[in-house]
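**Q** Next up, target-v8.txt (compact mmCIF, C-alpha atoms).
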# COMPACT_ATOMS: atom_id res chain seq x y z
CA MET A 122 146.48 13.48 119.67
CA ILE A 123 147.37 13.42 123.33
CA ARG A 124 146.99 16.54 125.45
CA LEU A 125 147.58 17.19 129.13
CA THR A 126 146.02 20.44 130.26
CA GLU A 127 145.57 22.44 133.43
CA GLN A 128 142.66 24.30 131.82
CA PRO A 129 139.03 23.18 131.54
CA PHE A 130 138.13 21.92 128.08
CA ASP A 131 134.88 21.77 126.10
CA PRO A 132 134.13 18.10 125.35
CA GLY A 133 131.55 18.91 122.67
CA ALA A 134 133.91 21.19 120.79
CA GLU A 135 136.68 18.59 121.02
CA LEU A 136 134.37 15.86 119.68
CA ASN A 137 133.14 18.05 116.83
CA GLY A 138 136.69 18.98 115.91
CA PHE A 139 137.76 15.35 115.97
CA CYS A 140 134.89 14.26 113.68
CA ARG A 141 135.34 17.00 111.09
CA ASP A 142 136.42 16.06 107.56
CA ARG A 143 136.89 12.36 108.10
CA LEU A 144 136.56 9.90 105.25
CA GLY A 145 136.67 6.16 105.77
CA VAL A 146 135.57 6.47 109.37
CA GLY A 147 132.20 4.91 110.09
CA ALA A 148 132.32 5.03 113.86
CA VAL A 149 133.50 7.41 116.55
CA ALA A 150 133.18 6.40 120.21
CA SER A 151 133.98 8.61 123.16
CA PHE A 152 134.20 8.44 126.93
CA LEU A 153 134.06 11.47 129.20
CA GLY A 154 135.09 11.23 132.85
CA ILE A 155 133.74 13.92 135.20
CA ALA A 156 134.87 14.86 138.72
CA ARG A 157 132.07 13.64 141.00
CA GLY A 158 130.56 15.99 143.53
CA GLU A 159 128.27 13.85 145.68
CA PRO A 160 127.43 15.05 149.18
CA GLY A 161 129.92 13.65 151.68
CA GLN A 162 132.25 12.54 148.91
CA ALA A 163 135.47 14.07 147.66
CA SER A 164 135.02 17.80 147.33
CA ALA A 165 137.91 18.36 144.96
CA LEU A 166 140.45 16.40 142.95
CA GLU A 167 144.05 17.11 142.16
CA LEU A 168 145.94 15.23 139.47
CA GLU A 169 149.69 15.18 139.24
CA ALA A 170 151.60 14.04 136.16
CA TYR A 171 155.24 13.67 135.13
CA PRO A 172 154.44 15.55 131.93
CA LEU A 173 156.92 14.27 129.36
CA PHE A 174 156.94 10.74 130.77
CA THR A 175 153.15 10.70 131.09
CA GLN A 176 152.78 11.87 127.50
CA ASN A 177 155.26 9.22 126.26
CA GLU A 178 153.60 6.38 128.16
CA ILE A 179 150.12 7.32 126.94
CA ALA A 180 151.50 7.55 123.38
CA LYS A 181 152.77 3.96 123.67
CA ILE A 182 149.39 2.61 124.76
CA VAL A 183 147.58 4.67 122.13
CA ALA A 184 149.89 3.16 119.48
CA SER A 185 149.12 -0.33 120.76
CA ALA A 186 145.38 0.44 120.73
CA VAL A 187 145.61 1.67 117.13
CA ASP A 188 147.34 -1.58 116.22
CA ARG A 189 145.16 -3.91 118.28
CA PHE A 190 141.80 -2.45 117.19
CA GLY A 191 142.70 -1.13 113.75
CA LEU A 192 141.83 2.46 114.64
CA HIS A 193 141.96 5.37 112.25
CA ASP A 194 142.65 7.89 114.98
CA VAL A 195 142.60 8.51 118.74
CA ALA A 196 142.38 11.58 120.94
CA VAL A 197 143.15 11.60 124.66
CA ILE A 198 142.68 14.81 126.64
CA HIS A 199 143.51 14.62 130.35
CA ARG A 200 143.27 17.33 132.97
CA ILE A 201 146.06 17.83 135.49
CA GLY A 202 146.15 20.12 138.51
CA ALA A 203 143.08 21.01 140.58
CA ILE A 204 139.72 19.89 139.17
CA PRO A 205 136.49 21.16 140.75
CA PRO A 206 133.47 18.81 140.94
CA GLY A 207 131.43 18.73 137.75
CA GLU A 208 134.34 19.46 135.42
CA ALA A 209 135.61 17.00 132.81
CA ILE A 210 138.76 15.10 133.82
CA VAL A 211 139.37 12.93 130.80
CA LEU A 212 138.07 12.57 127.25
CA VAL A 213 138.96 9.59 125.08
CA ILE A 214 137.80 9.52 121.44
CA THR A 215 138.39 6.64 119.05
CA ALA A 216 137.66 6.42 115.34
CA SER A 217 137.40 3.25 113.28
CA ALA A 218 135.64 1.89 110.21
CA HIS A 219 133.00 0.07 112.29
CA ARG A 220 131.53 0.54 115.77
CA ARG A 221 132.83 -2.53 117.66
CA GLU A 222 136.49 -1.55 117.41
CA ALA A 223 135.79 2.05 118.40
CA PHE A 224 133.80 0.97 121.49
CA GLU A 225 136.34 -1.61 122.60
CA ALA A 226 139.34 0.65 122.08
CA CYS A 227 137.69 3.36 124.17
CA ASP A 228 137.07 0.84 126.97
CA PHE A 229 140.66 -0.47 126.70
CA LEU A 230 142.18 3.01 126.85
CA MET A 231 140.11 4.04 129.86
CA ASP A 232 141.03 0.86 131.75
CA TYR A 233 144.67 1.67 131.08
CA LEU A 234 144.32 5.30 132.16
CA LYS A 235 142.65 4.30 135.43
CA SER A 236 145.38 2.02 136.66
CA ARG A 237 148.56 2.23 134.58
CA ALA A 238 148.95 5.73 133.20
CA PRO A 239 151.43 7.93 135.10
CA PHE A 240 149.00 10.10 137.04
CA TRP A 241 148.68 10.51 140.79
CA LYS A 242 145.27 11.51 142.02
CA ARG A 243 144.48 13.12 145.34
CA GLU A 244 140.97 13.56 146.70
CA PHE A 245 140.25 16.35 149.14
CA GLY A 246 137.21 15.16 151.08
CA PRO A 247 135.66 15.88 154.47
CA ALA A 248 138.20 13.50 156.06
CA GLY A 249 141.17 15.33 154.52
CA PRO A 250 143.37 14.59 151.52
CA ARG A 251 143.83 11.03 150.32
CA TRP A 252 145.93 9.57 147.49
CA VAL A 253 143.78 7.38 145.28
CA GLU A 254 145.20 4.07 144.09
CA PRO A 255 143.62 1.65 141.62
CA THR A 256 140.78 -0.37 143.17
CA ALA A 257 140.45 -4.15 142.87
CA GLY A 258 137.80 -3.44 140.25
CA ASP A 259 140.17 -1.24 138.23
CA LEU A 260 142.83 -3.97 138.31
CA ALA A 261 140.32 -6.62 137.26
CA ASP A 262 139.22 -4.35 134.40
CA ILE A 263 142.72 -3.92 132.97
CA ALA A 264 143.49 -7.64 133.47
CA ARG A 265 140.73 -8.47 130.97
CA TRP A 266 142.86 -7.00 128.18
CA ASP A 267 146.01 -8.86 129.24
CA ARG A 268 144.03 -12.09 129.21
CA ASP A 269 141.90 -11.67 126.12
CA ALA A 270 143.34 -12.78 122.85
CA PRO A 271 144.25 -9.79 120.68
CA ARG A 272 142.01 -9.20 117.69
CA GLY A 273 144.95 -9.16 115.33
CA GLY A 274 147.77 -6.76 114.65
CA LYS A 275 151.51 -6.94 114.57
CA THR A 276 152.41 -6.00 118.12
CA ALA A 277 149.10 -6.77 119.75
CA GLY A 278 150.61 -9.35 122.11
CA ALA A 279 152.24 -6.56 124.08
CA ALA A 280 149.25 -4.29 123.76
CA ALA A 281 148.20 -3.97 127.35
CA THR A 282 151.58 -4.33 128.99
CA ASN A 283 153.35 -1.04 129.36
CA GLU A 284 155.62 -2.01 132.22
CA MET B 13 174.86 15.03 140.07
CA VAL B 14 171.63 13.06 139.80
CA LYS B 15 168.23 14.72 139.80
CA VAL B 16 165.57 12.88 141.83
CA LEU B 17 161.84 13.41 141.38
CA LEU B 18 159.22 12.07 143.78
CA PHE B 19 155.52 11.81 142.99
CA GLY B 20 152.28 11.27 144.87
CA ARG B 21 152.52 10.03 148.44
CA LEU B 22 156.30 9.60 148.14
CA ALA B 23 156.67 13.38 147.83
CA ASP B 24 154.39 13.86 150.83
CA LEU B 25 156.47 11.46 152.94
CA ALA B 26 159.74 13.12 151.91
CA GLY B 27 158.51 16.70 152.18
CA TRP B 28 160.07 17.53 148.80
CA ARG B 29 159.38 16.75 145.16
CA GLU B 30 162.72 17.43 143.47
CA ARG B 31 166.28 17.34 144.76
CA ASP B 32 169.80 16.97 143.38
CA PHE B 33 172.10 14.30 144.77
CA GLY B 34 175.78 14.47 144.11
CA PRO B 35 178.44 13.80 143.29
CA GLY B 36 176.95 11.03 141.19
CA PRO B 37 175.55 8.10 143.21
CA PRO B 38 176.66 5.27 140.89
CA SER B 39 173.70 2.94 141.25
CA LEU B 40 170.00 3.02 141.85
CA SER B 41 170.28 1.11 145.12
CA ALA B 42 172.86 3.59 146.43
CA LEU B 43 170.64 6.46 145.38
CA ARG B 44 167.58 4.90 147.04
CA SER B 45 169.46 4.75 150.35
CA LEU B 46 170.51 8.39 150.03
CA VAL B 47 167.00 9.54 149.18
CA ALA B 48 165.52 7.74 152.18
CA ALA B 49 168.34 8.56 154.62
CA GLY B 50 166.91 9.34 158.05
CA ASN B 51 163.31 8.77 156.95
CA GLN B 52 162.20 5.21 157.70
CA GLU B 53 158.68 5.75 156.47
CA LEU B 54 159.99 6.94 153.10
CA ALA B 55 162.47 4.04 152.96
CA GLY B 56 159.61 1.61 153.48
CA ALA B 57 157.45 3.32 150.87
CA LEU B 58 160.25 3.38 148.28
CA ALA B 59 160.76 -0.35 148.74
CA GLY B 60 157.02 -1.01 148.76
CA PRO B 61 155.00 -2.92 146.17
CA GLY B 62 153.95 -1.03 143.11
CA VAL B 63 156.68 1.61 143.23
CA GLN B 64 158.29 1.89 139.81
CA VAL B 65 161.42 3.77 138.80
CA ALA B 66 162.08 5.74 135.62
CA VAL B 67 165.62 6.73 134.64
CA ASP B 68 165.73 9.44 131.98
CA LEU B 69 162.04 8.81 131.21
CA ASP B 70 162.39 5.04 130.74
CA LEU B 71 161.04 2.54 133.25
CA VAL B 72 163.76 0.31 134.70
CA ARG B 73 163.48 -2.89 136.69
CA GLY B 74 165.90 -3.88 139.40
CA GLU B 75 169.32 -2.26 139.50
CA ALA B 76 170.52 0.45 137.14
CA ILE B 77 173.80 2.29 136.69
CA LEU B 78 173.28 6.02 136.71
CA GLY B 79 175.14 8.33 134.37
CA ALA B 80 176.09 11.89 135.29
CA GLY B 81 173.08 14.16 135.03
CA ALA B 82 170.58 11.30 135.14
CA GLU B 83 166.99 12.10 136.09
CA VAL B 84 165.55 9.44 138.38
CA ALA B 85 161.83 9.41 139.18
CA PHE B 86 160.22 7.26 141.87
CA LEU B 87 156.64 6.50 140.86
CA PRO B 88 154.09 5.17 143.37
CA PRO B 89 150.98 3.27 142.17
CA MET B 90 149.33 5.27 139.40
CA SER B 91 145.73 6.27 138.95
CA GLY B 92 144.29 8.53 136.30
CA GLY B 93 140.88 9.10 134.75
Show how you would write the structure in this file as structure tokens.

**A**
Amino acid sequence: MIRLTEQPFDPGAELNGFCRDRLGVGAVASFLGIARGEPGQASALELEAYPLFTQNEIAKIVASAVDRFGLHDVAVIHRIGAIPPGEAIVLVITASAHRREAFEACDFLMDYLKSRAPFWKREFGPAGPRWVEPTAGDLADIARWDRDAPRGGKTAGAAATNE
Amino acid sequence: MVKVLLFGRLADLAGWRERDFGPGPPSLSALRSLVAAGNQELAGALAGPGVQVAVDLDLVRGEAILGAGAEVAFLPPMSGG
């Protein structure tokens, strides 16, 4: 399930809904990203998407994650529009038979979302608006998955390359 | 007619997000020149590193021939999460 939404969402309710009535799943991992609100830092965030394209591109990487890590299911919920500090921006949930795959797939999907998913993020801080681009750290994070040998799966060789 | 969409800082530099160009610029390079006409900063940004192009929701590399009614999106470096 992939959902782009302009509305706040309830991460706990989403996680509970995802976990309900699952057989064969021994592990569910999740990551929740929250808009930071530190003093002197960005006071608001705005995320732009190209909705149909963004949805399609995330679907491709989710499919490759399912293949690469042998997942049972994935949910990605991503806010777009204006996001006040303290609100959830992104929730990634992965389900697999055992914990390692669920953890790693969650990490993989977040690295992708940070630097390759079609979103454009603007911070409105004390110094005015600023478009955020992937940091050197973000690029190093995603490069790990290009470099690392896939853990098996039919199309895993192309797993982290969506370009 | 070709529909052009700009995102992120490209839209800021252009001062618009969506515009129709017609009648039918035949190629991506011709369209890029039209989009940036009279705006050197935008021309530089469109040619800059990390700008990708999607034609009818598919990423393309290099040159592309544009059909009538094509939707062409110029995508600056992406950042989500």

**Q** Find the spatial neighbours of range 197-201 of chain A, counting only C-alpha atoms, within a cut-off of 8 Å - ignore same-chain residues fewer than 4 positions away - and output them as a PyMOL selection string.

**A** (chain A and resi 122-129+167-170+209-214) or (chain B and resi 93)

**Q** So, with only C-alpha atoms as the atoms that count, which of A:Gly158, A:Gly191, A:Pro239, A:Pro172 lies closest to Pro88 in chain B?

**A**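 Among the listed residues, the smallest separation from Pro88 in chain B belongs to A:Pro239.
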
**Q** Would you please work out which residue, of A:Ile155, A:Cys140, A:Ile179, A:Leu166, is nearest to Leu230 in chain A when using all atoms listed in the file?

**A** A:Ile179

**Q** If we count only C-alpha atoms, which residues of chain B reach to within 6 Å of chain A? Please list them as number ranges by chain.

**A** B: 20, 69, 90-93

**Q** To one decimal place in Å, what is the distance between CA of Ala165 in chain A and CA of Pro247 in chain A?

**A**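 Result for CA of Ala165 in chain A versus CA of Pro247 in chain A: 10.1 Å, one decimal.
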
**Q** If you measure from CA of Phe152 in chain A to CA of Arg268 in chain A, what distance in Å do you get, rounded to one decimal?

**A**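 One can read the CA of Phe152 in chain A to CA of Arg268 in chain A distance as 22.9 Å.
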
**Q** Report as a ChimeraX atom specification all protein, DNA and RNA residues lying within 10 Å of range 41-48 of chain B, evaluated on only C-alpha atoms, omitting residues in the same chain fewer than 5 positions from it.

**A** /B:14,16,18,25-26,31-34,36,53-59,74-78,84,86

**Q** To one decimal in Å, tell me the separation between CA of Asp267 in chain A and CA of Gly147 in chain A.

**A**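 CA of Gly147 in chain A lies at a distance of 27.3 Å from CA of Asp267 in chain A.
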
**Q** Might you pull out every residue within 7 Å of Val146 in chain A, with only C-alpha atoms counted and same-chain residues fewer than 4 positions away left off, and present them as a PyMOL selection string?

**A** chain A and resi 216-218
